[in-house]
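*Asks:* Before anything else, here's the structure in question.
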Amino acid sequence: MSAPRTPKIPYGGDYNPEQWPEGVWDDDHRLFTRAGIDTLTVGVFTWSLTQPAPDTYDFTVLDRVLDRAAAEGRQVCLATGTAALPPWLAKRHPEVNRTDFEGRRHRYGQRHNFCPSSPAYREHATAMASRLAERYAHHPALLAWHINNEYGGVCYCELCAEAFRAWLRDRHGTLDALNDAWWTTFWSHRYTDWDQIEPPNALTEHWRGPNHTAFQGITLDYFRFTTDALLGCFLAEKEVIRAHDPDTPVTTNFMGTFRPLDYHRWAPHLDFASWDSYPPLDAPPTRPALAHDLMRGLKDGAPFWLMEHTPSTTACRDVNPLRRPGELRLATFQALAHGADAALYFQMRASRGACEKYHGAVIGHAGRDDTRVFREVAELGGELGILGNRTLGARTPARTALLFDWDSWWALEISDGPSRLVKYPDVVHAYYRAAREAGADVDVIPQTADLTPYDVVLAPALYVVKGDLATRLEAVAARGGTVLATFLSGRVDAHDRAFLTDVPGPLAPLMGVRVDEWDARPPEFTQTVPELAAEARLVFEIVLPRGAEPVATYGTDFYAGTPAVTRNRFGDGEGWYVATALDQPGVDTVVRRILARHDLLGPYADHPAVETATRVAPDGTRLLFLLNHAPEPARLTAHSTATDLLTGKRVDQGEPLVLDPLGVAILH
Amino acid sequence: MSAPRTPKIPYGGDYNPEQWPEGVWDDDHRLFTRAGIDTLTVGVFTWSLTQPAPDTYDFTVLDRVLDRAAAEGRQVCLATGTAALPPWLAKRHPEVNRTDFEGRRHRYGQRHNFCPSSPAYREHATAMASRLAERYAHHPALLAWHINNEYGGVCYCELCAEAFRAWLRDRHGTLDALNDAWWTTFWSHRYTDWDQIEPPNALTEHWRGPNHTAFQGITLDYFRFTTDALLGCFLAEKEVIRAHDPDTPVTTNFMGTFRPLDYHRWAPHLDFASWDSYPPLDAPPTRPALAHDLMRGLKDGAPFWLMEHTPSTTACRDVNPLRRPGELRLATFQALAHGADAALYFQMRASRGACEKYHGAVIGHAGRDDTRVFREVAELGGELGILGNRTLGARTPARTALLFDWDSWWALEISDGPSRLVKYPDVVHAYYRAAREAGADVDVIPQTADLTPYDVVLAPALYVVKGDLATRLEAVAARGGTVLATFLSGRVDAHDRAFLTDVPGPLAPLMGVRVDEWDARPPEFTQTVPELAAEARLVFEIVLPRGAEPVATYGTDFYAGTPAVTRNRFGDGEGWYVATALDQPGVDTVVRRILARHDLLGPYADHPAVETATRVAPDGTRLLFLLNHAPEPARLTAHSTATDLLTGKRVDQGEPLVLDPLGVAILH
Amino acid sequence: MSAPRTPKIPYGGDYNPEQWPEGVWDDDHRLFTRAGIDTLTVGVFTWSLTQPAPDTYDFTVLDRVLDRAAAEGRQVCLATGTAALPPWLAKRHPEVNRTDFEGRRHRYGQRHNFCPSSPAYREHATAMASRLAERYAHHPALLAWHINNEYGGVCYCELCAEAFRAWLRDRHGTLDALNDAWWTTFWSHRYTDWDQIEPPNALTEHWRGPNHTAFQGITLDYFRFTTDALLGCFLAEKEVIRAHDPDTPVTTNFMGTFRPLDYHRWAPHLDFASWDSYPPLDAPPTRPALAHDLMRGLKDGAPFWLMEHTPSTTACRDVNPLRRPGELRLATFQALAHGADAALYFQMRASRGACEKYHGAVIGHAGRDDTRVFREVAELGGELGILGNRTLGARTPARTALLFDWDSWWALEISDGPSRLVKYPDVVHAYYRAAREAGADVDVIPQTADLTPYDVVLAPALYVVKGDLATRLEAVAARGGTVLATFLSGRVDAHDRAFLTDVPGPLAPLMGVRVDEWDARPPEFTQTVPELAAEARLVFEIVLPRGAEPVATYGTDFYAGTPAVTRNRFGDGEGWYVATALDQPGVDTVVRRILARHDLLGPYADHPAVETATRVAPDGTRLLFLLNHAPEPARLTAHSTATDLLTGKRVDQGEPLVLDPLGVAILH
């Protein structure tokens, strides 16, 4: 099963009419029509309304919401609403509230507040999902199911401890195997009974927060357990929905590069992926792009939904800048360029109270349609109408892959040594950015993915190497491809045990290097890499070439002249190793040399502010998205003759092609 | 009832002879006499001494302290001593100890350590107050009652939870009303039983500390509840005191601009206000001045007591600088200038042990009278003797008001969005400072105060607008006055629900503007405001004039040229709106233009280091305080003929008037 | 009893073969032999292995480890392994887990995880020590006993509360005495029953962490109690070892300038001192040198063991730089120069898993002997072989003493006022560094030590003055010596009660000064001291000379011209007082003037990067260590004729003497 079939890109977003008298609904729908809104996500936080008491269900309001949507010709993404407990449930079953990293049982409050191992939660949540499915499976407005919301958070209660122990039994089989996996002989930790195992938190194995643990193996397993525990909640709801509704696609909204959950373990269980995009402040456009591509990679390249983004501002940050004129449109088309088949907002109407009342909304507190934001939303709605179904179902024909691995993220960032300052997403992003700004389409894929479609595989900070990955990477090179790995790769196995071979472990043959030692320095220290006219920081592995040739070297210190970047012939291809955290220009140079070898530099690679992305529609039409992220016009020369889907204008090869500031073109 | 009647300004401070053998008392009184000390605050932390066991009271030492004071001709401000529990009470009734924001029940320690909802505490504290009142009501030394000490702090225990629920019932009446007020449909919070409501803390609605809450309405109500709960403690003690002593004035010492408690709710219940002044390091002199004026505003302009300040240093800060020569005198006269009718220190003799032993004292560990500090204290004592009763009871004839509103403080600082960086007291202080440095006397008043006496009303950051305030502000303008409001004003009602109208809500008609969106930027970003030659930061509201005319505009960004400051004709007067956080020069320019319109600029407005303040004595004598805050002499030209109360010197209008570095004159 | 007798410097370190299959052991011993490794510390974390269940002991592996060591001719430092609980013990007796500063009972995890007051822990730990002693007392490999490991940490459980009360009874005798010592009348804390006393932590007397306490006296006593409680654990193990093994020396590994434990209280109970040296990042070489000298001072100048240092990197820090080529050798010889009679590493083979797998090791994960680090270790092993017994048992003939006092450290850093920014070890280090860089050998001694051997006694930041110390310091000066004291000295007695005399209390007569007040300023503020061409920071005491003459004065502020440094003739000697935190050049100037007076400047005092240290062997041979800490050669002129023990080369007085970069010579 895949994403819902729709005649055009679903446009709309999270809508909470239950917060308002029905008179307001009339205004809402009038404005929705004006803005081309056709899709509403409803029911995300309605549990206390639809089940006001243990034995009382009341779907009156929800009925009216869906009926009204249907009457207006709008479709609904219906949430099960199980992400925020109703107060009575928290009071009646205190164990449904989470116990936090500090070991403190919480009491009722906030949202995302349920213990994933609590039978009472599971039972009540699935009962709710079941009733909803039973009631609305055949509702004319129903387009998709949206289970829970932004799954995340961790619980450390006794129920979770028990569930963790069962999970460990299942994973490790015997205590001997577990003791070996976690290397428990260190610090006298050999367990002799499963009951001795405690969830790793501030009261047990951790100090200075979630990244400082005495036993990486335990903590790593708790990340995995948490992923599976929350996935279990999702699956339980999905199962009861399926009992009543075998056809409507089911999703839950992810959060892109979100550390707590390994979305690759979830992906097979979603009918389609969807996510909420709130890029960090001042992030370059490749940050949300990376997340889009990661989401697209979840379902093997199938289109995903942009389930939430803000029409104007966030509220939850210390500082919440406005999206400036044109930025919303540009971000929306960027999502489409990367594989989104829906464009939805949080939120349709601003909440009157509580902590999201200042979060950007299509309709503000004054209910106006003459605001700048509403105008931009409505204009965009018009453009999406023009676009129709032209992009729906289109796929990205990437020949470059980037491996994204939650295990490596977790293990690297909980490591004691060599440097707490290395952040996995930053390393990954640097390589992704280099490839994207050079014009390459990139698939961001799990390390288990089929690598045969790719000429170039980037594997930055691949700290954990599992299964037959090394062999499959060697195969890429053997057939002529290029594999790039970096510092802090090939360090540990799936249990966070160091490989008892030269660094980079199983990647060493492909890379043709050996690393015995590595320096780490404070963040303000930089090391020159003269051949790249670049600087390096944080970690400096000292590379002994074992077959590889130096590409660039360190410029100073006792390891001056030793390689910082190497290239190793391997079969018909190459293995590249980058032994330090190069600055972006350094990464750019390395990646462009690799892409050039495979003729993968894009036509506008010398316009770094112009993003290009290709999608191939089901009918084979090739669409080239051009996105100008600069506040100035981009003056290009058309690399081929094409027509812009949005304007209908044709541009001939070799002719000037001008993109407005923050402008977009979709050439076919 | 008002402050105690005294023949001169009470001079002295906190005195803890119970810590010392009586031989030391002799030294103390000898030095007190030398320094002109006539008033002693005693009994502040004597509970464990006066009640060493549940059924044992022992007033031997306190008797001697008061008798000795009386014998020496000194008067006593007698504390009830209930701000620090005796150990036996904490042991016997563990529930009297507070439960903190993290949900942790404390055990015995520190001070300000009692749960305000604990019946055991209430019972024991009132019993103590009652016994003290019975015993000392007619003691010849008794001048005033001083209940507890520096009320503050919050408790989150089960007793408080119960009390909170009762308080909520009383405030909201029904759960429906509460659900509507707190907007609980958001995030599935609709309560169906009062028992489901938990105090908002780190285990419930909060994350990242007390300012980050999922539901502003809940948190706002807990601020109010805490204010009322502690006030309840005060009132209980006051009641039993009154039963024995109907005449002696009662106070408790406040802490100026102290966020945790809404002193406006307390003010009616105090016979006179008093406060402890410990301005932040490197604060400009307008910071303590603002607090003085706020304290004076509590009792409708009646004089207050300066209950504590330090003769030399604090101890509780990371860095505790000395008051330099002359600074103590200047700070004392500043307090008098703003309405203080007493000048008291913490502390008379330095404690030998524990955490305040380095807090400045009139008498240090070596017991000397030949220290610089003692000399300055004694000289000041002499000057106060000269001053006699000339300033007692005098009031400030201000025509400028500044609204200070705890609800706005709380709600603004717990808001998610637009910016966590806006601090209410900083915004308020900027406008206060501008008015004060321009020479205007300013009343700092609650938003419920009568506005008819004022020509100018400054309402910075008036985030919450309640009751008929907007109408009363309009009346000010209608009759020719000027009202100034700023960004983040008129946003929410008393329950922190956004107004469903254009920003600034009920203030919009008076201001003649509409605001649809607002930008927020990091602290290092500045926006130019060319017409004011000023810079703006943090929040930038985008103003659409609806009647108002621009006074100044933004200089850059997509909203360049739109108004940053506007002026709106309203009746015979004006509404000014400042849409961003201007720097001090920008605020100064705006405020001086407003003051000039009403002829409220002071005679020395071009001497920013010279503070002026007027008090009108009960006999109608007009006293002009001149305070030179600069370390250089201030060379003025006398604006009228007057005599200096301190020196008896006369200065003629138009003649040179020189103030020494840190010098003071009181002209009449 | 003293350190073990050995024919040469023991060389080796922590070895955990129990983590590995025995095949790896063969590799280990082969490499050990190659590197000159003769000493292995084993059993440090084997408890869960040697006692897998309450009633099951299993020494199979340990037997093999020791037998193999003996067979290979290596000696063993045998640990009792009680520093990390086995899981079953934590599960069976939850009270053996610690309760932390926040009052949270921990559950099983990490190491150093035992409550020192727990009978269950004490019983099981001593049972283990007893069995080990019984089994291995006469093992041919046994060289020394190593009890527990890096004692530290604090527990606040009910068992500790009870033990604390008993300890207080013992120390104070009566509650009246305790109330007086802690000055409990302040803030109503007079205790009427021992049971009312709670351990001082975040739930009682503390806020903002361990340094902020309402009652310094309580907190100071809890530091002492913790020292004694952990010492009690050590003594209990030592006692049962002695029952089986009266001869083998016993130690535990200390951590140098480690605040939590007053090692001076432990010193008499160790047969020899040993410590783990992990100097802070970028610390000057005088930092570890200070710690070496402190450790040597524990046993009245007897040699100590360097029990751990890293061959290459640490792992536990945010950033873990490499020891660069030559640095390991230099650090090792520095330890010998300061009195070490052993040179041991952590760790011999890198752990495969858990949090120390990246900690530097002699043998890395790949098991190689051709790494740079292994080569350096092996070369150093060779040099130690050449050195043989030439340095063993040698002592340092210092005429300069520096007082190091844990009570002063604790009390100064928990003080409210005048400045939280003064750090005791920083002040002490500045004076130590000045003396060492001037070429003086320095004994770092407790304040109870015999002062008669010294010409110069440095007493920086001697905040607490106890017993007859002032008299003994006066005696030093009376007979012609020089005593230096600084700001924040002589402030309080052993209970943290201020002296009721002029500052610096009992030191005032010797210093000839009186201090009434002191300024404190933010860290970025500096005050000039023109006579020293130096700057001062943080605290500025205002000195009134009472016999002393000014040496240097403050350059600005209202105390400009008053003394910053004074010198007082006292008997035949002098008392110097430094009233502020001088920068290092300022401290250098002062200390060099003092040393020059006693002819204690070293021959290479104008080469600050060349460290010199003297040891006198038992046979009277005088060895001069020369250590070049610069990365450039040091070109000296030999001050006398001597031969280098390491190279056998002779250098004549007045001839050039060149030290390589990071080079070492041992002249005799």
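Every chain in the structure tokens has a letter given in the order shown (A, B, ...), and although residue numbers restart at 1 in each chain, ligands are simply numbered from 1 in the order shown.
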At most 8 Å is the cut-off: for each residue in chain C with any atom that close to an atom of chain A, write down the nearest atom pair and the distance in Å rounded to one decimal, counting only C-alpha atoms, chain first then increasing number, as JSON lines.

*Replies:*
```
{"residue": "C:Glu18", "atom": "CA", "partner": "A:Thr185", "partner_atom": "CA", "distance": 7.3}
{"residue": "C:Gln19", "atom": "CA", "partner": "A:Thr185", "partner_atom": "CA", "distance": 5.7}
{"residue": "C:Phe45", "atom": "CA", "partner": "A:Trp187", "partner_atom": "CA", "distance": 4.9}
{"residue": "C:Thr46", "atom": "CA", "partner": "A:Ser188", "partner_atom": "CA", "distance": 5.4}
{"residue": "C:Trp47", "atom": "CA", "partner": "A:Ser188", "partner_atom": "CA", "distance": 5.7}
{"residue": "C:Ser48", "atom": "CA", "partner": "A:Ser188", "partner_atom": "CA", "distance": 4.9}
{"residue": "C:Leu49", "atom": "CA", "partner": "A:Ser188", "partner_atom": "CA", "distance": 7.0}
{"residue": "C:Pro52", "atom": "CA", "partner": "A:Thr192", "partner_atom": "CA", "distance": 7.1}
{"residue": "C:Ala53", "atom": "CA", "partner": "A:Thr192", "partner_atom": "CA", "distance": 7.9}
{"residue": "C:Ala84", "atom": "CA", "partner": "A:Ser188", "partner_atom": "CA", "distance": 6.0}
{"residue": "C:Leu85", "atom": "CA", "partner": "A:Ser188", "partner_atom": "CA", "distance": 6.6}
{"residue": "C:Pro86", "atom": "CA", "partner": "A:Ser188", "partner_atom": "CA", "distance": 5.7}
{"residue": "C:Pro87", "atom": "CA", "partner": "A:Gln196", "partner_atom": "CA", "distance": 5.9}
{"residue": "C:Trp88", "atom": "CA", "partner": "A:Gln196", "partner_atom": "CA", "distance": 6.5}
{"residue": "C:Lys91", "atom": "CA", "partner": "A:Gln196", "partner_atom": "CA", "distance": 6.1}
{"residue": "C:Arg104", "atom": "CA", "partner": "A:Leu203", "partner_atom": "CA", "distance": 7.6}
{"residue": "C:Arg105", "atom": "CA", "partner": "A:Leu203", "partner_atom": "CA", "distance": 7.4}
{"residue": "C:His106", "atom": "CA", "partner": "A:Leu203", "partner_atom": "CA", "distance": 4.6}
{"residue": "C:Arg107", "atom": "CA", "partner": "A:Thr204", "partner_atom": "CA", "distance": 5.3}
{"residue": "C:Tyr108", "atom": "CA", "partner": "A:Thr204", "partner_atom": "CA", "distance": 5.4}
{"residue": "C:Gly109", "atom": "CA", "partner": "A:Thr204", "partner_atom": "CA", "distance": 4.2}
{"residue": "C:Gln110", "atom": "CA", "partner": "A:Glu205", "partner_atom": "CA", "distance": 5.0}
{"residue": "C:Arg111", "atom": "CA", "partner": "A:Trp187", "partner_atom": "CA", "distance": 6.4}
{"residue": "C:Thr314", "atom": "CA", "partner": "A:Gly417", "partner_atom": "CA", "distance": 7.4}
{"residue": "C:Ala315", "atom": "CA", "partner": "A:Gly417", "partner_atom": "CA", "distance": 4.3}
{"residue": "C:Cys316", "atom": "CA", "partner": "A:Asp416", "partner_atom": "CA", "distance": 5.4}
{"residue": "C:Arg317", "atom": "CA", "partner": "A:Gly417", "partner_atom": "CA", "distance": 6.9}
{"residue": "C:Asp318", "atom": "CA", "partner": "A:Arg420", "partner_atom": "CA", "distance": 4.7}
{"residue": "C:Val319", "atom": "CA", "partner": "A:Ser419", "partner_atom": "CA", "distance": 4.6}
{"residue": "C:Asn320", "atom": "CA", "partner": "A:Ala520", "partner_atom": "CA", "distance": 5.4}
{"residue": "C:Pro321", "atom": "CA", "partner": "A:Ala520", "partner_atom": "CA", "distance": 4.5}
{"residue": "C:Leu322", "atom": "CA", "partner": "A:Asp519", "partner_atom": "CA", "distance": 5.1}
{"residue": "C:Arg324", "atom": "CA", "partner": "A:Phe558", "partner_atom": "CA", "distance": 7.4}
{"residue": "C:Pro325", "atom": "CA", "partner": "A:Phe558", "partner_atom": "CA", "distance": 7.7}
{"residue": "C:Ser351", "atom": "CA", "partner": "A:Phe186", "partner_atom": "CA", "distance": 7.5}
{"residue": "C:Arg352", "atom": "CA", "partner": "A:Ala498", "partner_atom": "CA", "distance": 5.2}
{"residue": "C:Gly353", "atom": "CA", "partner": "A:Arg497", "partner_atom": "CA", "distance": 4.7}
{"residue": "C:Ala354", "atom": "CA", "partner": "A:Phe215", "partner_atom": "CA", "distance": 4.4}
{"residue": "C:Cys355", "atom": "CA", "partner": "A:Ala214", "partner_atom": "CA", "distance": 5.1}
{"residue": "C:Glu356", "atom": "CA", "partner": "A:Asp416", "partner_atom": "CA", "distance": 6.9}
{"residue": "C:Lys357", "atom": "CA", "partner": "A:Ala498", "partner_atom": "CA", "distance": 7.5}
{"residue": "C:Tyr358", "atom": "CA", "partner": "A:Gly417", "partner_atom": "CA", "distance": 5.8}
{"residue": "C:His359", "atom": "CA", "partner": "A:Gly417", "partner_atom": "CA", "distance": 7.4}
{"residue": "C:Gly364", "atom": "CA", "partner": "A:Asp516", "partner_atom": "CA", "distance": 7.9}
{"residue": "C:His365", "atom": "CA", "partner": "A:Leu500", "partner_atom": "CA", "distance": 4.9}
{"residue": "C:Ala366", "atom": "CA", "partner": "A:Thr501", "partner_atom": "CA", "distance": 4.3}
{"residue": "C:Gly367", "atom": "CA", "partner": "A:Leu500", "partner_atom": "CA", "distance": 7.6}
{"residue": "C:Thr371", "atom": "CA", "partner": "A:Asp516", "partner_atom": "CA", "distance": 6.5}
```

*Asks:* May I have all residues of range 220-372 of chain B that DSSP, computed from the backbone, assigns to strand (DSSP E or B), given as number ranges by chain?

*Replies:* B: 250-251, 253-254, 274-276, 304-308, 319, 340-345, 349, 363

*Asks:* May I have the residues from that selection written out with C-alpha atoms, as a compact mmCIF listing (two decimals), in the first residue's frame?

*Replies:*
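Written out: part-v7.txt:
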```
# COMPACT_ATOMS: atom_id res chain seq x y z
CA VAL B 250 1.98 45.85 60.79
CA THR B 251 4.18 45.25 57.77
CA ASN B 253 9.34 43.31 54.10
CA PHE B 254 8.95 43.10 50.33
CA SER B 274 8.50 48.19 53.49
CA TRP B 275 11.16 46.61 51.38
CA ASP B 276 14.72 45.35 51.16
CA PHE B 304 7.24 53.28 52.87
CA TRP B 305 10.12 51.95 54.91
CA LEU B 306 13.48 50.99 53.55
CA MET B 307 13.62 47.89 55.75
CA GLU B 308 16.99 46.58 54.63
CA VAL B 319 30.83 38.64 43.13
CA ALA B 340 11.04 56.22 52.25
CA ASP B 341 10.33 57.29 55.80
CA ALA B 342 12.88 54.92 57.37
CA ALA B 343 16.45 53.90 56.61
CA LEU B 344 17.39 50.51 57.98
CA TYR B 345 20.25 48.13 57.41
CA ARG B 349 26.46 43.20 63.67
CA ILE B 363 29.65 46.47 63.20
```

*Asks:* Find the residues near range 648-659 of chain B: any atom within 6 Å, counting only C-alpha atoms, skip ones fewer than 3 places away on the same chain, and give them as number ranges by chain.

*Replies:* B: 633-645, 663

*Asks:* Just to confirm, what's the straight-line distance from CA of Asp441 in chain C to CA of Asp572 in chain C in Å (one decimal)?

*Replies:*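 Atom-to-atom, CA of Asp441 in chain C to CA of Asp572 in chain C, that is 23.0 Å.
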
*Asks:* Counting only C-alpha atoms, what is within 12 Å of Asp660 in chain B, bar same-chain residues fewer than 6 positions away, as an MDAnalysis selection string?

*Replies:* chainID B and resid 326 330 610 626:636

*Asks:* Give me the residues within 7 Å of Leu462 in chain B as a list in words, counting only C-alpha atoms and dropping any in the same chain fewer than 4 places off.

*Replies:* Ser408, Leu488, Ser489 and Gly490 of chain B
